[in-house]
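Undergrad: My file is entry-v8.tsv. It has TSV, C-alpha atoms (C1' of nucleotides):
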```
chain	number	residue	atom	x	y	z
U	1	MET	CA	68.70	115.88	90.81
U	2	ARG	CA	70.61	114.83	93.89
U	3	ASP	CA	73.29	112.16	94.29
U	4	GLU	CA	75.26	110.41	97.03
U	5	VAL	CA	78.00	113.01	96.88
U	6	ASP	CA	75.59	115.83	97.66
U	7	ASP	CA	74.95	114.05	100.96
U	8	LEU	CA	78.64	113.51	101.51
U	9	VAL	CA	79.49	117.15	100.90
U	10	GLU	CA	76.66	118.28	103.12
U	11	ALA	CA	77.98	116.15	105.97
U	12	TRP	CA	81.50	117.48	105.55
U	13	ARG	CA	80.21	121.06	105.40
U	14	ARG	CA	78.37	120.54	108.64
U	15	GLU	CA	81.51	119.19	110.32
U	16	ARG	CA	84.23	121.16	108.55
U	17	GLY	CA	82.58	124.29	107.24
U	18	ASP	CA	85.97	125.98	107.24
U	19	LEU	CA	87.25	123.98	104.25
U	20	ASP	CA	86.72	124.49	100.54
U	21	LEU	CA	85.04	121.28	99.43
U	22	ALA	CA	84.98	122.00	95.70
U	23	PRO	CA	87.48	119.24	94.86
U	24	VAL	CA	85.26	116.68	96.55
U	25	GLU	CA	82.43	117.53	94.21
U	26	VAL	CA	84.54	116.36	91.29
U	27	PHE	CA	86.82	113.63	92.57
U	28	SER	CA	84.45	111.88	94.87
U	29	ARG	CA	82.04	111.49	91.97
U	30	ILE	CA	84.79	110.12	89.78
U	31	SER	CA	85.78	107.51	92.38
U	32	ARG	CA	82.22	106.43	92.99
U	33	LEU	CA	81.37	106.26	89.32
U	34	ALA	CA	84.45	104.11	88.77
U	35	ARG	CA	83.25	101.72	91.45
U	36	HIS	CA	79.76	101.45	90.02
U	37	LEU	CA	81.27	101.04	86.61
U	38	ASP	CA	83.40	98.11	87.78
U	39	LEU	CA	80.26	96.34	88.94
U	40	ALA	CA	78.48	97.04	85.66
U	41	ARG	CA	81.49	95.69	83.78
U	42	ARG	CA	81.51	92.57	85.91
U	43	ASP	CA	77.86	91.95	85.13
U	44	ALA	CA	78.31	92.52	81.41
U	45	PHE	CA	81.25	90.14	81.31
U	46	THR	CA	79.88	87.30	83.40
U	47	ALA	CA	77.11	86.93	80.84
U	48	HIS	CA	79.95	86.13	78.45
U	49	GLY	CA	81.79	83.86	80.84
U	50	ILE	CA	84.85	85.99	81.39
U	51	GLU	CA	86.08	88.13	84.26
U	52	SER	CA	87.22	91.73	84.29
U	53	TRP	CA	90.90	90.95	84.65
U	54	GLU	CA	90.63	88.50	81.75
U	55	PHE	CA	89.08	91.17	79.60
U	56	ASP	CA	91.84	93.63	80.43
U	57	VAL	CA	94.49	91.27	79.12
U	58	LEU	CA	92.56	89.96	76.13
U	59	ALA	CA	91.53	93.47	75.09
U	60	ALA	CA	95.12	94.68	75.09
U	61	LEU	CA	96.04	91.82	72.75
U	62	ARG	CA	93.00	92.46	70.59
U	63	ARG	CA	93.78	96.15	70.24
U	64	ALA	CA	97.32	95.36	69.17
U	65	GLY	CA	95.93	94.00	65.89
U	66	GLN	CA	97.16	91.00	63.96
U	67	PRO	CA	98.86	88.77	64.83
U	68	TYR	CA	97.47	89.65	68.29
U	69	GLU	CA	100.77	89.17	70.07
U	70	LEU	CA	102.36	91.16	72.89
U	71	SER	CA	105.12	90.44	75.39
U	72	PRO	CA	104.23	90.00	79.07
U	73	GLY	CA	106.21	93.16	79.77
U	74	ARG	CA	104.12	95.16	77.37
U	75	LEU	CA	100.94	93.66	78.77
U	76	LEU	CA	101.77	94.60	82.31
U	77	ARG	CA	102.48	98.18	81.29
U	78	GLU	CA	99.15	98.33	79.47
U	79	THR	CA	97.16	96.89	82.34
U	80	LEU	CA	99.07	98.46	85.25
U	81	VAL	CA	99.77	95.29	87.21
U	82	THR	CA	103.04	93.81	88.43
U	83	SER	CA	105.00	91.10	86.66
U	84	GLY	CA	104.05	88.42	89.15
U	85	THR	CA	100.41	89.16	88.59
U	86	MET	CA	100.79	89.01	84.82
U	87	THR	CA	102.53	85.64	84.98
U	88	ASN	CA	99.61	84.32	86.99
U	89	ARG	CA	97.05	85.83	84.63
U	90	VAL	CA	98.67	84.48	81.50
U	91	ASP	CA	98.92	81.06	83.15
U	92	ARG	CA	95.21	80.99	83.80
U	93	LEU	CA	94.24	82.39	80.41
U	94	ALA	CA	96.45	79.81	78.71
U	95	GLY	CA	94.83	77.13	80.87
U	96	ARG	CA	91.45	78.21	79.51
U	97	GLY	CA	92.80	78.18	75.96
U	98	LEU	CA	92.20	81.89	75.39
U	99	VAL	CA	95.86	82.74	74.84
U	100	GLU	CA	99.03	80.79	74.13
U	101	ARG	CA	102.63	81.45	75.09
U	102	LEU	CA	105.28	81.40	72.36
U	103	PRO	CA	109.02	81.93	72.55
U	104	ASP	CA	110.03	85.32	71.15
U	105	PRO	CA	112.08	84.55	68.03
U	106	ARG	CA	113.93	87.84	68.46
U	107	ASP	CA	114.96	87.57	72.11
U	108	ARG	CA	115.49	84.29	73.90
U	109	ARG	CA	114.72	85.84	77.29
U	110	GLY	CA	111.36	86.86	75.99
U	111	VAL	CA	107.95	85.34	75.48
U	112	LEU	CA	105.05	86.36	73.30
U	113	VAL	CA	101.46	85.99	74.41
U	114	ARG	CA	99.11	85.40	71.51
U	115	LEU	CA	95.34	85.49	71.37
U	116	THR	CA	93.79	82.23	70.19
U	117	ALA	CA	90.71	82.08	67.99
U	118	ASP	CA	88.66	81.31	71.11
U	119	GLY	CA	90.24	84.25	72.89
U	120	LYS	CA	89.45	86.60	70.04
U	121	ALA	CA	85.83	85.48	69.94
U	122	ALA	CA	85.55	85.90	73.72
U	123	VAL	CA	86.99	89.39	73.82
U	124	ASP	CA	84.97	90.60	70.84
U	125	GLY	CA	81.74	89.39	72.37
U	126	ALA	CA	82.58	90.82	75.76
U	127	PHE	CA	83.54	94.18	74.33
U	128	GLU	CA	80.25	94.50	72.52
U	129	ALA	CA	78.40	93.66	75.73
U	130	LEU	CA	80.45	96.22	77.61
U	131	LEU	CA	79.71	98.94	75.10
U	132	ALA	CA	76.02	98.14	75.25
U	133	ALA	CA	76.00	98.30	79.05
U	134	GLU	CA	77.91	101.57	79.05
U	135	ALA	CA	75.65	103.04	76.39
U	136	ASP	CA	72.73	102.34	78.72
U	137	LEU	CA	74.36	104.35	81.47
U	138	LEU	CA	74.70	107.26	79.05
U	139	ALA	CA	71.21	106.96	77.63
U	140	ASP	CA	69.81	109.96	79.49
U	141	LEU	CA	72.71	112.25	78.66
U	142	PRO	CA	72.30	114.35	75.50
U	143	ASP	CA	75.07	113.90	72.93
U	144	ARG	CA	76.18	117.45	73.47
U	145	ASP	CA	76.67	116.90	77.21
U	146	ARG	CA	78.44	113.61	76.64
U	147	THR	CA	80.93	115.22	74.30
U	148	GLN	CA	81.57	118.02	76.70
U	149	LEU	CA	81.98	115.63	79.62
U	150	ALA	CA	84.55	113.64	77.66
U	151	SER	CA	86.39	116.83	76.86
U	152	LEU	CA	86.49	118.05	80.46
U	153	LEU	CA	87.68	114.65	81.64
U	154	ARG	CA	90.40	114.69	79.00
U	155	SER	CA	91.77	117.94	80.33
U	156	LEU	CA	92.02	116.38	83.81
U	157	LEU	CA	93.59	113.17	82.55
U	158	ALA	CA	96.06	114.61	80.05
U	159	PRO	CA	98.60	115.82	82.66
U	160	PHE	CA	99.07	112.23	83.85
U	161	SER	CA	100.15	110.91	80.46
N	1	MET	CA	95.49	118.31	74.18
N	2	ARG	CA	95.70	114.55	73.84
N	3	ASP	CA	95.44	111.88	76.54
N	4	GLU	CA	95.89	108.11	76.96
N	5	VAL	CA	92.30	107.44	76.04
N	6	ASP	CA	92.66	109.10	72.66
N	7	ASP	CA	95.25	106.44	71.85
N	8	LEU	CA	93.02	103.71	73.21
N	9	VAL	CA	90.05	104.81	71.15
N	10	GLU	CA	92.19	105.14	68.06
N	11	ALA	CA	93.39	101.55	68.45
N	12	TRP	CA	89.87	100.24	68.91
N	13	ARG	CA	88.65	102.21	65.92
N	14	ARG	CA	91.36	100.65	63.78
N	15	GLU	CA	90.36	97.17	64.90
N	16	ARG	CA	86.63	97.52	65.41
N	17	GLY	CA	85.57	100.44	63.25
N	18	ASP	CA	82.07	99.00	63.17
N	19	LEU	CA	81.35	99.88	66.81
N	20	ASP	CA	80.25	103.15	68.39
N	21	LEU	CA	83.03	103.97	70.81
N	22	ALA	CA	81.45	107.05	72.37
N	23	PRO	CA	80.96	105.37	75.78
N	24	VAL	CA	84.66	104.58	75.97
N	25	GLU	CA	85.48	108.27	75.69
N	26	VAL	CA	83.66	108.88	78.95
N	27	PHE	CA	84.02	105.73	81.04
N	28	SER	CA	87.55	104.86	80.23
N	29	ARG	CA	88.59	108.30	81.36
N	30	ILE	CA	86.65	107.94	84.56
N	31	SER	CA	88.31	104.61	85.36
N	32	ARG	CA	91.76	105.89	84.63
N	33	LEU	CA	91.27	109.09	86.58
N	34	ALA	CA	90.07	107.04	89.52
N	35	ARG	CA	93.26	105.00	89.40
N	36	HIS	CA	95.50	108.03	89.25
N	37	LEU	CA	93.47	109.60	92.02
N	38	ASP	CA	94.01	106.58	94.25
N	39	LEU	CA	97.74	107.00	93.89
N	40	ALA	CA	97.52	110.73	94.64
N	41	ARG	CA	95.45	109.95	97.73
N	42	ARG	CA	97.97	107.39	98.87
N	43	ASP	CA	100.76	109.94	98.60
N	44	ALA	CA	98.82	112.62	100.43
N	45	PHE	CA	97.99	110.23	103.26
N	46	THR	CA	101.37	108.61	103.76
N	47	ALA	CA	102.73	112.05	104.60
N	48	HIS	CA	100.26	111.90	107.50
N	49	GLY	CA	101.07	108.33	108.45
N	50	ILE	CA	97.77	106.76	107.53
N	51	GLU	CA	96.62	104.56	104.68
N	52	SER	CA	93.71	104.96	102.31
N	53	TRP	CA	91.58	102.26	103.89
N	54	GLU	CA	92.17	103.83	107.30
N	55	PHE	CA	91.01	107.19	106.01
N	56	ASP	CA	87.85	105.67	104.56
N	57	VAL	CA	86.81	104.32	107.94
N	58	LEU	CA	87.93	107.29	110.01
N	59	ALA	CA	86.30	109.77	107.63
N	60	ALA	CA	82.96	107.99	107.86
N	61	LEU	CA	83.11	108.30	111.64
N	62	ARG	CA	84.22	111.92	111.43
N	63	ARG	CA	81.39	112.87	109.10
N	64	ALA	CA	78.86	111.30	111.43
N	65	GLY	CA	79.51	114.14	113.88
N	66	GLN	CA	79.63	113.90	117.64
N	67	PRO	CA	79.96	111.55	119.36
N	68	TYR	CA	81.72	110.09	116.29
N	69	GLU	CA	80.18	106.65	116.67
N	70	LEU	CA	78.87	104.22	114.06
N	71	SER	CA	78.14	100.51	114.05
N	72	PRO	CA	80.36	98.17	112.02
N	73	GLY	CA	77.34	97.44	109.84
N	74	ARG	CA	76.85	101.08	109.03
N	75	LEU	CA	80.56	101.48	108.38
N	76	LEU	CA	80.67	98.62	105.92
N	77	ARG	CA	77.73	100.05	104.02
N	78	GLU	CA	79.45	103.44	103.86
N	79	THR	CA	82.75	102.05	102.69
N	80	LEU	CA	81.46	99.23	100.48
N	81	VAL	CA	83.48	96.39	101.98
N	82	THR	CA	82.37	93.08	103.46
N	83	SER	CA	81.87	92.37	107.12
N	84	GLY	CA	85.01	90.27	107.43
N	85	THR	CA	87.04	93.11	106.02
N	86	MET	CA	85.51	95.63	108.38
N	87	THR	CA	86.22	93.46	111.42
N	88	ASN	CA	89.84	93.31	110.34
N	89	ARG	CA	90.02	97.05	109.72
N	90	VAL	CA	88.49	98.00	113.03
N	91	ASP	CA	90.87	95.58	114.77
N	92	ARG	CA	93.87	97.28	113.26
N	93	LEU	CA	92.56	100.81	113.82
N	94	ALA	CA	91.83	99.94	117.45
N	95	GLY	CA	95.34	98.50	117.72
N	96	ARG	CA	96.72	101.86	116.62
N	97	GLY	CA	94.48	103.66	119.09
N	98	LEU	CA	92.57	105.58	116.43
N	99	VAL	CA	89.20	104.06	117.27
N	100	GLU	CA	87.71	102.11	120.16
N	101	ARG	CA	85.04	99.44	120.26
N	102	LEU	CA	82.13	99.86	122.66
N	103	PRO	CA	79.12	97.66	123.33
N	104	ASP	CA	75.93	99.11	121.89
N	105	PRO	CA	73.74	99.96	124.91
N	106	ARG	CA	70.63	99.53	122.76
N	107	ASP	CA	71.35	96.15	121.17
N	108	ARG	CA	73.41	93.47	122.79
N	109	ARG	CA	74.32	91.95	119.42
N	110	GLY	CA	75.77	95.24	118.38
N	111	VAL	CA	78.98	97.18	118.75
N	112	LEU	CA	79.78	100.84	118.30
N	113	VAL	CA	83.04	102.04	116.83
N	114	ARG	CA	84.09	105.40	118.19
N	115	LEU	CA	86.76	107.78	116.99
N	116	THR	CA	89.38	108.58	119.64
N	117	ALA	CA	90.95	112.00	120.01
N	118	ASP	CA	94.01	110.68	118.17
N	119	GLY	CA	91.79	109.35	115.43
N	120	LYS	CA	90.03	112.64	115.03
N	121	ALA	CA	93.29	114.52	114.77
N	122	ALA	CA	94.59	112.02	112.22
N	123	VAL	CA	91.56	112.16	109.99
N	124	ASP	CA	91.30	115.94	110.12
N	125	GLY	CA	94.93	116.36	109.11
N	126	ALA	CA	94.66	113.78	106.37
N	127	PHE	CA	91.51	115.32	104.96
N	128	GLU	CA	93.15	118.71	104.68
N	129	ALA	CA	96.10	117.16	102.88
N	130	LEU	CA	93.76	115.32	100.54
N	131	LEU	CA	91.87	118.49	99.69
N	132	ALA	CA	95.12	120.30	99.00
N	133	ALA	CA	96.35	117.52	96.69
N	134	GLU	CA	93.06	117.41	94.86
N	135	ALA	CA	92.96	121.19	94.50
N	136	ASP	CA	96.33	120.93	92.75
N	137	LEU	CA	94.90	118.53	90.21
N	138	LEU	CA	92.14	121.04	89.49
N	139	ALA	CA	94.41	124.05	89.37
N	140	ASP	CA	94.35	124.39	85.59
N	141	LEU	CA	90.60	124.02	85.28
N	142	PRO	CA	88.60	127.28	85.36
N	143	ASP	CA	85.94	127.45	88.08
N	144	ARG	CA	83.23	127.48	85.47
N	145	ASP	CA	84.46	124.22	83.93
N	146	ARG	CA	84.88	122.59	87.33
N	147	THR	CA	81.31	123.40	88.27
N	148	GLN	CA	80.01	122.08	85.00
N	149	LEU	CA	82.09	118.92	85.28
N	150	ALA	CA	80.68	118.26	88.75
N	151	SER	CA	77.20	118.78	87.41
N	152	LEU	CA	77.62	116.40	84.49
N	153	LEU	CA	79.12	113.76	86.77
N	154	ARG	CA	76.19	114.17	89.14
N	155	SER	CA	73.74	113.37	86.39
N	156	LEU	CA	75.62	110.13	85.67
N	157	LEU	CA	75.92	109.16	89.33
N	158	ALA	CA	72.40	110.03	90.48
N	159	PRO	CA	70.70	106.96	88.95
N	160	PHE	CA	72.83	104.67	91.13
N	161	SER	CA	71.64	106.17	94.41
V	1	DG	C1'	135.72	88.89	72.06
V	2	DG	C1'	134.80	89.46	77.09
V	3	DG	C1'	132.91	91.58	81.06
V	4	DA	C1'	129.39	94.50	83.20
V	5	DA	C1'	125.21	96.64	83.34
V	6	DG	C1'	120.60	96.31	81.69
V	7	DT	C1'	116.35	93.87	80.47
V	8	DG	C1'	112.57	90.27	80.54
V	9	DT	C1'	110.26	86.80	82.91
V	10	DC	C1'	109.20	83.91	86.58
V	11	DT	C1'	109.25	82.46	91.67
V	12	DT	C1'	108.26	83.11	96.42
V	13	DG	C1'	106.35	84.86	100.78
V	14	DA	C1'	103.34	88.23	102.91
V	15	DT	C1'	99.05	90.51	103.01
V	16	DG	C1'	94.29	92.34	102.45
V	17	DT	C1'	89.94	91.11	100.79
V	18	DC	C1'	86.06	88.22	99.90
V	19	DG	C1'	82.44	84.81	100.86
V	20	DA	C1'	80.37	81.42	103.54
V	21	DG	C1'	79.33	79.82	107.84
V	22	DA	C1'	78.92	80.23	113.11
V	23	DT	C1'	77.08	82.45	117.11
V	24	DA	C1'	74.28	85.53	119.67
V	25	DT	C1'	70.47	88.56	119.96
V	26	DC	C1'	66.26	90.93	118.47
V	27	DG	C1'	61.41	91.45	117.00
V	28	DG	C1'	57.04	89.81	115.54
V	29	DC	C1'	53.38	86.34	115.71
V	30	DC	C1'	50.58	82.57	117.17
Z	1	DG	C1'	55.43	83.25	126.78
Z	2	DG	C1'	57.94	80.80	123.41
Z	3	DC	C1'	59.19	79.94	118.71
Z	4	DC	C1'	61.25	81.51	114.10
Z	5	DG	C1'	62.96	84.29	110.79
Z	6	DA	C1'	65.81	88.37	110.50
Z	7	DT	C1'	69.79	90.94	111.94
Z	8	DA	C1'	74.66	92.04	113.77
Z	9	DT	C1'	79.15	90.71	114.21
Z	10	DC	C1'	82.95	87.74	114.01
Z	11	DT	C1'	85.74	83.53	112.33
Z	12	DC	C1'	88.02	81.01	108.92
Z	13	DG	C1'	89.75	79.25	104.48
Z	14	DA	C1'	90.65	80.50	99.70
Z	15	DC	C1'	92.65	83.52	96.52
Z	16	DA	C1'	94.53	87.49	93.72
Z	17	DT	C1'	97.77	90.83	94.14
Z	18	DC	C1'	102.13	92.96	95.31
Z	19	DA	C1'	107.13	93.46	96.12
Z	20	DA	C1'	111.53	91.66	96.13
Z	21	DG	C1'	114.67	88.65	94.46
Z	22	DA	C1'	116.46	84.85	91.24
Z	23	DC	C1'	117.81	83.55	86.79
Z	24	DA	C1'	118.69	83.80	81.89
Z	25	DC	C1'	119.80	86.36	78.14
Z	26	DT	C1'	121.09	90.65	75.65
Z	27	DT	C1'	123.48	94.89	74.66
Z	28	DC	C1'	127.00	98.10	75.10
Z	29	DC	C1'	131.67	99.43	75.57
Z	30	DC	C1'	136.44	98.80	76.23
```
As structure tokens - that is how I would like this structure written.
TA:
Amino acid sequence: MRDEVDDLVEAWRRERGDLDLAPVEVFSRISRLARHLDLARRDAFTAHGIESWEFDVLAALRRAGQPYELSPGRLLRETLVTSGTMTNRVDRLAGRGLVERLPDPRDRRGVLVRLTADGKAAVDGAFEALLAAEADLLADLPDRDRTQLASLLRSLLAPFS
Amino acid sequence: MRDEVDDLVEAWRRERGDLDLAPVEVFSRISRLARHLDLARRDAFTAHGIESWEFDVLAALRRAGQPYELSPGRLLRETLVTSGTMTNRVDRLAGRGLVERLPDPRDRRGVLVRLTADGKAAVDGAFEALLAAEADLLADLPDRDRTQLASLLRSLLAPFS
DNA sequence: GGGAAGTGTCTTGATGTCGAGATATCGGCC
DNA sequence: GGCCGATATCTCGACATCAAGACACTTCCC
């Protein structure tokens, strides 16, 4: 089986045969898979009426467990965006009624963002759709290979944590 | 060895123990690795005075081989951006003298974008730096594992091509 | 207690990308 | 030969993000 990266590597080998292209075989595939995955996510979510960035925020709140509250600061660390972006996102999510902003009783500088019942329903539905879409992409991969792939990826990712 | 995704999966399992989270183990790692990789790329390139989007365009031209010419349409398909974005990118690259725009002798609607000598030098240097940075990230992975990882990723990516 | 440094959130201006539409040219068909 | 849909590129307005700075409050230490 041949993929886009085989073509890419072949072209580079033709032009720069002096270089060791082994890293490209791994990282180029990771980048491209991430891009395709973003599109698949988008599709899975639009069926549920939410967008990817909305899911990122709602899912962080959902994972936190009851009472589904996190500070904006915590949210931006979880989702890797800047504070200005998070303000904008929370504004829009609150406008749609999926979250609400509460004063932090412990710190008067602070705010808590809380998932509403609508928000919880939205994120739960979207997550199930996402898992289903992702399971499709893995359908042809034997369990054994999937486990090993996860394990190899973990060993690449761990140094970043 | 434990990574960020182990924490993520643990949180989801606590909240949604009813779902099969196996896909998350694979795809969440791919997304996160892609993000970290983008940052590593950025660092490697800034040392060479170019930005990631510039590399994407220049590398496509470089891979095409002599005379290092591609149409804007071909470039936008290779780099997965829209036509408006590509116009803007070629404008800026031409402004820096890394590419030049020529009329397509075969089609008067068309344009060819050609790598200049400066552009070729820039992309070659940047590519070597990128390979070196990526090789570092793979340093702890035995050759055998790297090969197998590439192969497993290929089987996921191939259906998209 | 009071001052200074630190922390948390929001505001603002700049920028890169997208998406839709405009213009020019090509290629096939009657 | 001339028309019409398809193609190639560029233009323009909208928008999400980032980065830096403003402001309010807290925490630590003298």
Undergrad: Present chain N as a short mmCIF file (atom, residue, chain, number, x, y, z; two decimals) with C-alpha atoms, in the frame of the given file, least-squares fitted onto chain U over all of its C-alpha atoms paired in order.
TA:
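File superposed_22.cif, as written:
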```
data_model
loop_
_atom_site.label_atom_id
_atom_site.label_comp_id
_atom_site.auth_asym_id
_atom_site.auth_seq_id
_atom_site.Cartn_x
_atom_site.Cartn_y
_atom_site.Cartn_z
CA MET N 1 68.70 115.91 90.97
CA ARG N 2 70.65 114.88 94.04
CA ASP N 3 73.30 112.17 94.40
CA GLU N 4 75.33 110.43 97.13
CA VAL N 5 78.07 113.00 96.93
CA ASP N 6 75.72 115.84 97.75
CA ASP N 7 75.11 114.12 101.08
CA LEU N 8 78.81 113.55 101.58
CA VAL N 9 79.67 117.17 100.92
CA GLU N 10 76.88 118.35 103.17
CA ALA N 11 78.24 116.24 106.04
CA TRP N 12 81.76 117.54 105.55
CA ARG N 13 80.52 121.11 105.38
CA ARG N 14 78.74 120.65 108.69
CA GLU N 15 81.89 119.31 110.30
CA ARG N 16 84.61 121.21 108.48
CA GLY N 17 82.96 124.36 107.17
CA ASP N 18 86.36 126.01 107.10
CA LEU N 19 87.57 123.97 104.12
CA ASP N 20 86.98 124.43 100.40
CA LEU N 21 85.24 121.25 99.35
CA ALA N 22 85.10 121.95 95.62
CA PRO N 23 87.57 119.16 94.76
CA VAL N 24 85.37 116.61 96.50
CA GLU N 25 82.50 117.49 94.19
CA VAL N 26 84.56 116.29 91.24
CA PHE N 27 86.83 113.53 92.52
CA SER N 28 84.47 111.82 94.84
CA ARG N 29 82.05 111.43 91.98
CA ILE N 30 84.75 110.04 89.76
CA SER N 31 85.75 107.44 92.35
CA ARG N 32 82.21 106.38 92.99
CA LEU N 33 81.32 106.19 89.32
CA ALA N 34 84.38 104.04 88.76
CA ARG N 35 83.19 101.64 91.43
CA HIS N 36 79.70 101.39 90.02
CA LEU N 37 81.19 100.98 86.57
CA ASP N 38 83.30 98.05 87.74
CA LEU N 39 80.18 96.28 88.90
CA ALA N 40 78.39 97.00 85.61
CA ARG N 41 81.40 95.64 83.72
CA ARG N 42 81.42 92.53 85.84
CA ASP N 43 77.77 91.89 85.04
CA ALA N 44 78.22 92.48 81.33
CA PHE N 45 81.17 90.10 81.22
CA THR N 46 79.80 87.25 83.29
CA ALA N 47 77.04 86.89 80.71
CA HIS N 48 79.91 86.11 78.32
CA GLY N 49 81.73 83.81 80.71
CA ILE N 50 84.78 85.94 81.29
CA GLU N 51 85.99 88.07 84.17
CA SER N 52 87.13 91.67 84.23
CA TRP N 53 90.81 90.88 84.62
CA GLU N 54 90.57 88.46 81.70
CA PHE N 55 89.02 91.15 79.53
CA ASP N 56 91.77 93.61 80.42
CA VAL N 57 94.45 91.26 79.14
CA LEU N 58 92.55 89.97 76.12
CA ALA N 59 91.51 93.48 75.07
CA ALA N 60 95.10 94.70 75.13
CA LEU N 61 96.05 91.86 72.79
CA ARG N 62 93.03 92.50 70.59
CA ARG N 63 93.79 96.19 70.25
CA ALA N 64 97.35 95.43 69.22
CA GLY N 65 96.00 94.09 65.92
CA GLN N 66 97.29 91.12 63.99
CA PRO N 67 99.00 88.91 64.87
CA TYR N 68 97.55 89.74 68.32
CA GLU N 69 100.84 89.28 70.14
CA LEU N 70 102.38 91.25 73.00
CA SER N 71 105.10 90.53 75.53
CA PRO N 72 104.17 90.04 79.19
CA GLY N 73 106.11 93.21 79.95
CA ARG N 74 104.06 95.23 77.53
CA LEU N 75 100.88 93.68 78.87
CA LEU N 76 101.67 94.58 82.45
CA ARG N 77 102.38 98.17 81.47
CA GLU N 78 99.06 98.34 79.62
CA THR N 79 97.05 96.86 82.45
CA LEU N 80 98.94 98.40 85.38
CA VAL N 81 99.62 95.21 87.33
CA THR N 82 102.87 93.72 88.57
CA SER N 83 104.86 91.04 86.84
CA GLY N 84 103.89 88.33 89.30
CA THR N 85 100.25 89.09 88.68
CA MET N 86 100.67 88.99 84.92
CA THR N 87 102.43 85.62 85.05
CA ASN N 88 99.49 84.27 87.01
CA ARG N 89 96.95 85.79 84.64
CA VAL N 90 98.60 84.49 81.51
CA ASP N 91 98.85 81.05 83.13
CA ARG N 92 95.13 80.96 83.75
CA LEU N 93 94.20 82.40 80.35
CA ALA N 94 96.45 79.83 78.68
CA GLY N 95 94.79 77.13 80.79
CA ARG N 96 91.43 78.20 79.38
CA GLY N 97 92.84 78.21 75.86
CA LEU N 98 92.24 81.91 75.30
CA VAL N 99 95.90 82.77 74.81
CA GLU N 100 99.10 80.86 74.10
CA ARG N 101 102.68 81.52 75.13
CA LEU N 102 105.37 81.54 72.45
CA PRO N 103 109.11 82.10 72.68
CA ASP N 104 110.13 85.49 71.33
CA PRO N 105 112.24 84.76 68.23
CA ARG N 106 114.08 88.06 68.72
CA ASP N 107 115.02 87.78 72.39
CA ARG N 108 115.61 84.53 74.17
CA ARG N 109 114.73 86.07 77.54
CA GLY N 110 111.38 87.02 76.17
CA VAL N 111 107.99 85.48 75.61
CA LEU N 112 105.09 86.49 73.41
CA VAL N 113 101.49 86.06 74.47
CA ARG N 114 99.19 85.47 71.54
CA LEU N 115 95.42 85.56 71.36
CA THR N 116 93.88 82.29 70.14
CA ALA N 117 90.83 82.16 67.91
CA ASP N 118 88.75 81.35 70.99
CA GLY N 119 90.27 84.29 72.80
CA LYS N 120 89.50 86.63 69.97
CA ALA N 121 85.90 85.51 69.83
CA ALA N 122 85.57 85.90 73.60
CA VAL N 123 86.99 89.38 73.73
CA ASP N 124 85.00 90.61 70.75
CA GLY N 125 81.74 89.38 72.25
CA ALA N 126 82.56 90.80 75.65
CA PHE N 127 83.52 94.17 74.24
CA GLU N 128 80.22 94.48 72.43
CA ALA N 129 78.36 93.63 75.62
CA LEU N 130 80.40 96.18 77.53
CA LEU N 131 79.65 98.90 75.01
CA ALA N 132 75.96 98.09 75.16
CA ALA N 133 75.93 98.25 78.98
CA GLU N 134 77.82 101.51 78.98
CA ALA N 135 75.55 103.01 76.34
CA ASP N 136 72.64 102.28 78.68
CA LEU N 137 74.27 104.28 81.44
CA LEU N 138 74.60 107.20 79.03
CA ALA N 139 71.11 106.91 77.63
CA ASP N 140 69.71 109.89 79.52
CA LEU N 141 72.59 112.19 78.69
CA PRO N 142 72.17 114.30 75.54
CA ASP N 143 74.93 113.86 72.95
CA ARG N 144 76.06 117.41 73.49
CA ASP N 145 76.56 116.84 77.22
CA ARG N 146 78.33 113.53 76.64
CA THR N 147 80.80 115.16 74.28
CA GLN N 148 81.46 117.96 76.69
CA LEU N 149 81.88 115.56 79.60
CA ALA N 150 84.45 113.57 77.63
CA SER N 151 86.27 116.77 76.82
CA LEU N 152 86.40 117.98 80.41
CA LEU N 153 87.60 114.57 81.58
CA ARG N 154 90.30 114.62 78.92
CA SER N 155 91.68 117.87 80.26
CA LEU N 156 91.96 116.31 83.73
CA LEU N 157 93.51 113.08 82.46
CA ALA N 158 95.98 114.54 79.95
CA PRO N 159 98.54 115.73 82.54
CA PHE N 160 99.03 112.14 83.73
CA SER N 161 100.11 110.83 80.33
#
```
Undergrad: Take CA of Phe27 (chain N) and CA of Leu131 (chain U) and report the distance between them in Å, one decimal.
TA: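 Computing it gives 10.0 Å between the two atoms.
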Undergrad: What's the 12 Å shell around region 8-12 of chain V, counting only C-alpha atoms (C1' of nucleotides), without same-chain residues fewer than 6 positions away, as an MDAnalysis selection string?
TA: (chainID U and resid 71:74 76 82:88 90:91 103:104 107:112) or (chainID Z and resid 18:26)
Undergrad: Leaving out Glu25 (chain N) and any residue of its chain fewer than 4 positions from it, which residues lie within 12 Å of it when counting only C-alpha atoms (C1' of nucleotides), given as a VMD selection string?
TA: (chain U and resid 131 134 to 135 138 146 to 154 157) or (chain N and resid 3 to 10 12 to 13 20 to 21 29 to 32)
Undergrad: Suppose you want the space between CA of Phe55 (chain N) and CA of Ala11 (chain U); what is it in Å?
TA: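 If I compute the distance from CA of Phe55 (chain N) to CA of Ala11 (chain U), I get 15.8 Å.
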Undergrad: If you count all atoms listed in the file, which residues fall within 12 Å of DC30 (chain Z), apart from same-chain ones fewer than 6 positions away, as a PyMOL selection string?
TA: chain V and resi 1-4
Undergrad: If I take CA of Thr116 (chain U) and CA of Val57 (chain U), how far is one from the other in Å, to one decimal?
TA: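 CA of Thr116 (chain U) sits 12.7 Å away from CA of Val57 (chain U).
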